[in-house]
file structure-v1.cif (mmCIF, C-alpha atoms)
data_target
loop_
_atom_site.group_PDB
_atom_site.id
_atom_site.type_symbol
_atom_site.label_atom_id
_atom_site.label_comp_id
_atom_site.auth_asym_id
_atom_site.auth_seq_id
_atom_site.Cartn_x
_atom_site.Cartn_y
_atom_site.Cartn_z
ATOM 1 C CA GLN Y 295 1.848 -2.638 2.975
ATOM 2 C CA HIS Y 296 4.357 0.183 2.521
ATOM 3 C CA GLU Y 297 3.988 3.363 4.607
ATOM 4 C CA LEU Y 298 3.740 5.554 1.498
ATOM 5 C CA ASP Y 299 0.808 3.490 0.260
ATOM 6 C CA LYS Y 300 -1.014 3.851 3.583
ATOM 7 C CA ILE Y 301 -0.359 7.588 3.939
ATOM 8 C CA SER Y 302 -1.166 8.468 0.329
ATOM 9 C CA GLY Y 303 -4.434 6.548 0.699
ATOM 10 C CA LEU Y 304 -5.464 9.025 3.402
ATOM 11 C CA ARG Y 305 -5.081 11.969 1.045
ATOM 12 C CA ASN Y 306 -8.662 11.661 -0.237
ATOM 13 C CA SER Y 307 -10.134 11.398 3.264
ATOM 14 C CA ASP Y 308 -10.936 14.164 5.741
ATOM 15 C CA ILE Y 309 -7.407 13.899 7.107
ATOM 16 C CA LYS Y 310 -4.963 16.404 5.604
ATOM 17 C CA VAL Y 311 -1.699 14.768 4.587
ATOM 18 C CA ALA Y 312 1.246 16.261 2.730
ATOM 19 C CA THR Y 313 2.045 13.518 0.259
ATOM 20 C CA ILE Y 314 1.819 12.575 -3.396
ATOM 21 C CA PRO Y 315 -1.502 11.368 -4.866
ATOM 22 C CA HIS Y 316 -2.285 7.711 -4.170
ATOM 23 C CA ASN Y 317 -2.177 6.696 -7.864
ATOM 24 C CA ILE Y 318 1.336 8.167 -8.179
ATOM 25 C CA ALA Y 319 2.410 6.347 -4.993
ATOM 26 C CA GLN Y 320 1.199 3.081 -6.541
ATOM 27 C CA ILE Y 321 3.446 3.640 -9.559
ATOM 28 C CA CYS Y 322 6.444 4.620 -7.426
ATOM 29 C CA LEU Y 323 6.110 1.533 -5.239
ATOM 30 C CA ASP Y 324 6.041 -0.829 -8.242
ATOM 31 C CA LYS Y 325 9.495 -1.265 -9.798
ATOM 32 C CA LEU Y 326 8.174 -2.479 -13.176
ATOM 33 C CA LYS Y 327 5.644 0.355 -13.503
ATOM 34 C CA THR Y 328 8.284 2.904 -12.498
ATOM 35 C CA CYS Y 329 10.749 1.668 -15.144
ATOM 36 C CA ASP Y 330 7.992 1.641 -17.787
ATOM 37 C CA ILE Y 331 7.093 5.261 -17.031
ATOM 38 C CA LEU Y 332 10.732 6.402 -16.954
ATOM 39 C CA THR Y 333 11.457 4.713 -20.283
ATOM 40 C CA LYS Y 334 8.271 6.102 -21.832
ATOM 41 C CA TYR Y 335 9.481 9.653 -21.114
ATOM 42 C CA GLY Y 336 13.069 9.065 -22.245
ATOM 43 C CA ILE Y 337 14.607 8.792 -18.789
ATOM 44 C CA ARG Y 338 17.306 6.136 -18.603
ATOM 45 C CA ALA Y 339 16.576 3.237 -16.286
ATOM 46 C CA PRO Y 340 18.183 -0.175 -15.765
ATOM 47 C CA GLN Y 341 16.848 -2.968 -17.955
ATOM 48 C CA THR Y 342 14.030 -4.402 -15.888
ATOM 49 C CA TYR Y 343 12.056 -7.590 -16.445
ATOM 50 C CA SER Y 344 9.594 -9.594 -14.462
ATOM 51 C CA LEU Y 345 10.959 -12.872 -13.139
ATOM 52 C CA ARG Y 346 8.610 -14.738 -15.476
ATOM 53 C CA ASN Y 347 10.005 -12.844 -18.500
ATOM 54 C CA TYR Y 348 13.551 -13.674 -17.422
ATOM 55 C CA ILE Y 349 12.762 -17.364 -17.068
ATOM 56 C CA ASP Y 350 10.830 -17.526 -20.363
ATOM 57 C CA SER Y 351 13.162 -15.420 -22.511
ATOM 58 C CA GLU Y 352 16.154 -16.852 -24.344
ATOM 59 C CA LYS Y 353 17.311 -13.304 -25.185
ATOM 60 C CA ILE Y 354 18.212 -12.329 -21.619
ATOM 61 C CA LYS Y 355 21.721 -13.665 -20.927
ATOM 62 C CA GLY Y 356 24.149 -13.502 -18.048
ATOM 63 C CA SER Y 357 23.800 -12.793 -14.357
ATOM 64 C CA VAL Y 358 20.785 -10.992 -12.981
ATOM 65 C CA LEU Y 359 19.738 -9.406 -9.716
ATOM 66 C CA VAL Y 360 16.256 -10.417 -8.623
ATOM 67 C CA LYS Y 361 14.371 -8.004 -6.390
ATOM 68 C CA PRO Y 362 10.808 -8.135 -5.111
ATOM 69 C CA ASN Y 363 8.650 -5.809 -7.193
ATOM 70 C CA THR Y 364 7.310 -3.824 -4.251
ATOM 71 C CA SER Y 365 9.974 -4.238 -1.564
ATOM 72 C CA SER Y 366 12.354 -1.553 -0.350
ATOM 73 C CA ALA Y 367 15.486 -1.143 1.785
ATOM 74 C CA SER Y 368 17.499 -3.752 -0.176
ATOM 75 C CA ARG Y 369 15.558 -6.660 1.326
ATOM 76 C CA ASN Y 370 15.374 -10.056 -0.403
ATOM 77 C CA ILE Y 371 17.754 -9.292 -3.275
ATOM 78 C CA LEU Y 372 19.134 -12.411 -4.965
ATOM 79 C CA ARG Y 373 21.758 -12.877 -7.678
ATOM 80 C CA PHE Y 374 21.512 -15.640 -10.250
ATOM 81 C CA ASP Y 375 24.295 -16.405 -12.708
ATOM 82 C CA ASN Y 376 21.975 -18.120 -15.168
ATOM 83 C CA ARG Y 377 18.393 -19.174 -15.803
ATOM 84 C CA GLU Y 378 18.988 -22.704 -14.477
ATOM 85 C CA SER Y 379 20.169 -21.507 -11.059
ATOM 86 C CA CYS Y 380 17.087 -19.303 -10.852
ATOM 87 C CA LEU Y 381 14.820 -22.277 -11.572
ATOM 88 C CA LEU Y 382 16.568 -24.367 -8.905
ATOM 89 C CA TYR Y 383 15.944 -21.720 -6.281
#

call {"tool": "encode", "arguments": {"input": "structure-v1.cif", "output": "structure tokens"}}
result
Amino acid sequence: QHELDKISGLRNSDIKVATIPHNIAQICLDKLKTCDILTKYGIRAPQTYSLRNYIDSEKIKGSVLVKPNTSSASRNILRFDNRESCLLY
């Protein structure tokens, strides 16, 4: 569990914490939700898909970077040159 998630969860308790509301933290910690919100309000964001959408879609071509949806600090980032190499992983 990410620190921001833990700390923002305390906001509604008797403990006073200077942080964003927990529901906003949940959006910020989820890469897909964050990109959806940014796009909804006209803010440019990289094209972002779930791994399942990438595997299932014939429209998405070329190399992709695969990142865990809720990870941070550049951990567990993988590059796949095509759908087949992703499936073999």

call {"tool": "atom_distance", "arguments": {"input": "structure-v1.cif", "atom1": "atom CA of Gln320 of chain Y", "atom2": "atom CA of Ile301 of chain Y"}}
result
11.5 Å

call {"tool": "residues_around", "arguments": {"input": "structure-v1.cif", "residues": "Val360 of chain Y", "least_positions_apart": "4", "cutoff": "8 Å", "atoms": "all atoms listed in the file", "output": "list in words"}}
result
Leu345, Ile371, Leu372, Arg373 and Phe374 of chain Y

call {"tool": "residues_around", "arguments": {"input": "structure-v1.cif", "residues": "Gly356 of chain Y", "least_positions_apart": "3", "cutoff": "10 Å", "atoms": "all atoms listed in the file", "output": "ChimeraX atom specification"}}
result
/Y:353,374-377

call {"tool": "write_last_selection", "arguments": {"input": "structure-v1.cif", "atoms": "C-alpha atoms", "output": "mmCIF file, keeping the file's coordinate frame"}}
result
data_model
loop_
_atom_site.group_PDB
_atom_site.id
_atom_site.type_symbol
_atom_site.label_atom_id
_atom_site.label_comp_id
_atom_site.auth_asym_id
_atom_site.auth_seq_id
_atom_site.Cartn_x
_atom_site.Cartn_y
_atom_site.Cartn_z
ATOM 1 C CA LYS Y 353 17.311 -13.304 -25.185
ATOM 2 C CA PHE Y 374 21.512 -15.640 -10.250
ATOM 3 C CA ASP Y 375 24.295 -16.405 -12.708
ATOM 4 C CA ASN Y 376 21.975 -18.120 -15.168
ATOM 5 C CA ARG Y 377 18.393 -19.174 -15.803
#

call {"tool": "resolve_selection", "arguments": {"input": "structure-v1.cif", "expression": "the PyMOL selection byres ((chain Y and resi 315) around 10)", "output": "PDB file with C-alpha atoms, keeping the file's coordinate frame"}}
result
ATOM      1  CA  ASP Y 299       0.808   3.490   0.260  1.00  0.00           C
ATOM      2  CA  ILE Y 301      -0.359   7.588   3.939  1.00  0.00           C
ATOM      3  CA  SER Y 302      -1.166   8.468   0.329  1.00  0.00           C
ATOM      4  CA  GLY Y 303      -4.434   6.548   0.699  1.00  0.00           C
ATOM      5  CA  LEU Y 304      -5.464   9.025   3.402  1.00  0.00           C
ATOM      6  CA  ARG Y 305      -5.081  11.969   1.045  1.00  0.00           C
ATOM      7  CA  ASN Y 306      -8.662  11.661  -0.237  1.00  0.00           C
ATOM      8  CA  ALA Y 312       1.246  16.261   2.730  1.00  0.00           C
ATOM      9  CA  THR Y 313       2.045  13.518   0.259  1.00  0.00           C
ATOM     10  CA  ILE Y 314       1.819  12.575  -3.396  1.00  0.00           C
ATOM     11  CA  HIS Y 316      -2.285   7.711  -4.170  1.00  0.00           C
ATOM     12  CA  ASN Y 317      -2.177   6.696  -7.864  1.00  0.00           C
ATOM     13  CA  ILE Y 318       1.336   8.167  -8.179  1.00  0.00           C
ATOM     14  CA  ALA Y 319       2.410   6.347  -4.993  1.00  0.00           C
ATOM     15  CA  GLN Y 320       1.199   3.081  -6.541  1.00  0.00           C
TER      16      GLN Y 320
END

call {"tool": "atom_distance", "arguments": {"input": "structure-v1.cif", "atom1": "atom CA of Ser365 of chain Y", "atom2": "atom CA of Glu352 of chain Y"}}
result
26.8 Å

call {"tool": "resolve_selection", "arguments": {"input": "structure-v1.cif", "expression": "the PyMOL selection byres ((chain Y and resi 339) around 12)", "output": "PyMOL selection string"}}
result
chain Y and resi 325-338+340-343

call {"tool": "atom_distance", "arguments": {"input": "structure-v1.cif", "atom1": "atom CA of Ile349 of chain Y", "atom2": "atom CA of Thr364 of chain Y"}}
result
19.4 Å

call {"tool": "closest_residue", "arguments": {"input": "structure-v1.cif", "among": "Y:Tyr348, Y:Ser368, Y:Asn363, Y:Ile354", "to": "Leu381 of chain Y", "atoms": "only C-alpha atoms"}}
result
Y:Tyr348

call {"tool": "closest_residue", "arguments": {"input": "structure-v1.cif", "among": "Y:Lys300, Y:Ser357, Y:Lys310, Y:Pro362", "to": "Glu378 of chain Y", "atoms": "all atoms listed in the file"}}
result
Y:Ser357

call {"tool": "closest_residue", "arguments": {"input": "structure-v1.cif", "among": "Y:Leu359, Y:Ser351, Y:Arg346, Y:Ser366", "to": "Glu297 of chain Y", "atoms": "all atoms listed in the file"}}
result
Y:Ser366
